[in-house]
There are 2 protein chains.
Amino acid sequence: MTRVGLQISYVGKNYHGWQIQNGTQQHFPTIQGTLCQAIEKALGQKVDLIGSGRTDQGVSAIGQIAHMDIDTTYPVEKLCYLINAYLPQDIRVLRSFLVDDEFHARYSAKLKTYQYSVYFSHIIIPYYEQFAEQIKRQPNLNSMQQASKYFLQEHDFTSFCAASTEVENKVRTITDITITQTGQLIQFSITGNGFLYHMVRIMVGTLLEVGYGKRKPEDIAILLQKKDRTLAGKTMPAKGLLLVNVEYETEKM
Amino acid sequence: MTRVGLQISYVGKNYHGWQIQNGTQQHFPTIQGTLCQAIEKALGQKVDLIGSGRTDQGVSAIGQIAHMDIDTTYPVEKLCYLINAYLPQDIRVLRSFLVDDEFHARYSAKLKTYQYSVYFSHIIIPYYEQFAEQIKRQPNLNSMQQASKYFLQEHDFTSFCAASTEVENKVRTITDITITQTGQLIQFSITGNGFLYHMVRIMVGTLLEVGYGKRKPEDIAILLQKKDRTLAGKTMPAKGLLLVNVEYETEKM
């Protein structure tokens, strides 16, 4: 068996998230389910495809990474073309590459980068609506940038994940966070060693409340200390979220 | 009669460009035709809607400006909501505003800004495919930036417009041009006092040839002097093009 890594881009709009829903692919297609069907048609093998993490319904990706074990004599770096021939246009395997047997798309991941896009306008702007979430008023960029610094380094993110999250250890490290504005479009780029369920969407929801003056930048530090989801801001919708990149130790890829 | 200005955003994908095609709206819907139908339904009046310029089939806009003369006692700044009620989701009037009788969406325009988006990848990236054009290889950003400086200020753009262009005076002034890269996405932002037919798309096509080393940055100066369309680069496809903004003398708006 050969362990193969895949880099995958998709537009989340038409899918019920990454994760296969048992026996419901026909009525509730998922990214993982659609990929597994295409791989089976392309290679004549059923595979377990393990992603770097689940993305929710409506979330898109440029740099999702997954791995699978297959029997093949075909050059691994050409597999992407074979698989793409059986995929719908809104999912594409951008790269296929040989990895070590110890490589695991989820457990070997060192850093992930997400981008969240919003545009401010009281009327829907169709062009931005393709990939960004509408907010009604302009937030203060400077105060959001100040607030974002409090997320940097290692913290317990209990206040910033869905209350239903069952993972025990909620300590994560944010290594970089930038917020940029171009016209009415504001983009949050967040890099960390791992993200809890809804974490990026709650972080952005809370930063926007700082941008609207409902919270002070330094309130982020208090929210992190309190470890209480009910105190942080609202969970932003899925559409604005994009998985940009997953980083691994290069020697394993 | 009251002269009213409209700021309009649209996604060009489903339309045969801005300009009404006589009697063919049903089978070949246009942006202008769709707006005129919505305005007639909303206000009970047929209007002539004059745009700042035509956009081609597939070109999108955030800041298209148009004007019309109507009989109304309704507050002008609320007209956008009325009209939007009759528009499909991919066209929206973002603002409606009172203008002077001398205001003309096309002739009063002082500056326009277009953005052209490309992404480099030998496989289609579905996320970028929503709004950007695929190019197969990575161009050299630095040499494109150098080349772009030769477009600044006043030049005859005969080499950079469709050979069929019937306008006599092809002298235009480019006031700003920036090229930025984020990951595999490259965006060209070009501001000028006017643009000839296909001008932005040919400028970008030619800059990319500089980025691929097929031309030198300083060749742009020669191309401008030669006034010969056949010497410049290819016309890039419509999808990557976005009309961002049209600027007027503020006292007229």
# chains A, B, ... in the order shown; residues from 1 in each chain; ligands from 1
$ residues_around --residues "stretch 117-120 of chain B" --least-positions-apart "6" --cutoff "6 Å" --atoms "only C-alpha atoms" --output "PyMOL selection string"
chain B and resi 132-138+184-187+240
$ interface_residues --of "chain A" --to "chain B" --cutoff "9 Å" --atoms "only C-alpha atoms" --output "ChimeraX atom specification"
/A:8-12,60-62,81,89-95,121-131,242
$ atom_distance --atom1 "atom CA of B:Gly192" --atom2 "atom CA of A:Gln181"
22.2 Å
$ residues_around --residues "stretch 139-151 of chain B" --least-positions-apart "6" --cutoff "9 Å" --atoms "only C-alpha atoms" --output "MDAnalysis selection string"
chainID B and resid 120 173:181 186 203 207:213 216:221 224
$ residues_around --residues "B:Gln32" --least-positions-apart "3" --cutoff "6 Å" --atoms "only C-alpha atoms" --output "PyMOL selection string"
chain B and resi 18-20+35
$ write_last_selection --atoms "N, CA and C atoms" --output "mmCIF file, in the first residue's frame"
data_model
loop_
_atom_site.group_PDB
_atom_site.id
_atom_site.type_symbol
_atom_site.label_atom_id
_atom_site.label_comp_id
_atom_site.auth_asym_id
_atom_site.auth_seq_id
_atom_site.Cartn_x
_atom_site.Cartn_y
_atom_site.Cartn_z
ATOM 1 N N TRP B 18 -23.766 44.824 -20.284
ATOM 2 C CA TRP B 18 -24.586 45.925 -19.789
ATOM 3 C C TRP B 18 -25.678 46.313 -20.783
ATOM 4 N N GLN B 19 -25.270 46.523 -22.023
ATOM 5 C CA GLN B 19 -26.072 47.216 -23.036
ATOM 6 C C GLN B 19 -27.293 46.425 -23.514
ATOM 7 N N ILE B 20 -28.462 47.076 -23.498
ATOM 8 C CA ILE B 20 -29.695 46.467 -24.033
ATOM 9 C C ILE B 20 -29.483 46.034 -25.483
ATOM 10 N N LEU B 35 -32.502 46.030 -15.416
ATOM 11 C CA LEU B 35 -32.743 47.192 -14.552
ATOM 12 C C LEU B 35 -33.942 47.992 -15.046
#
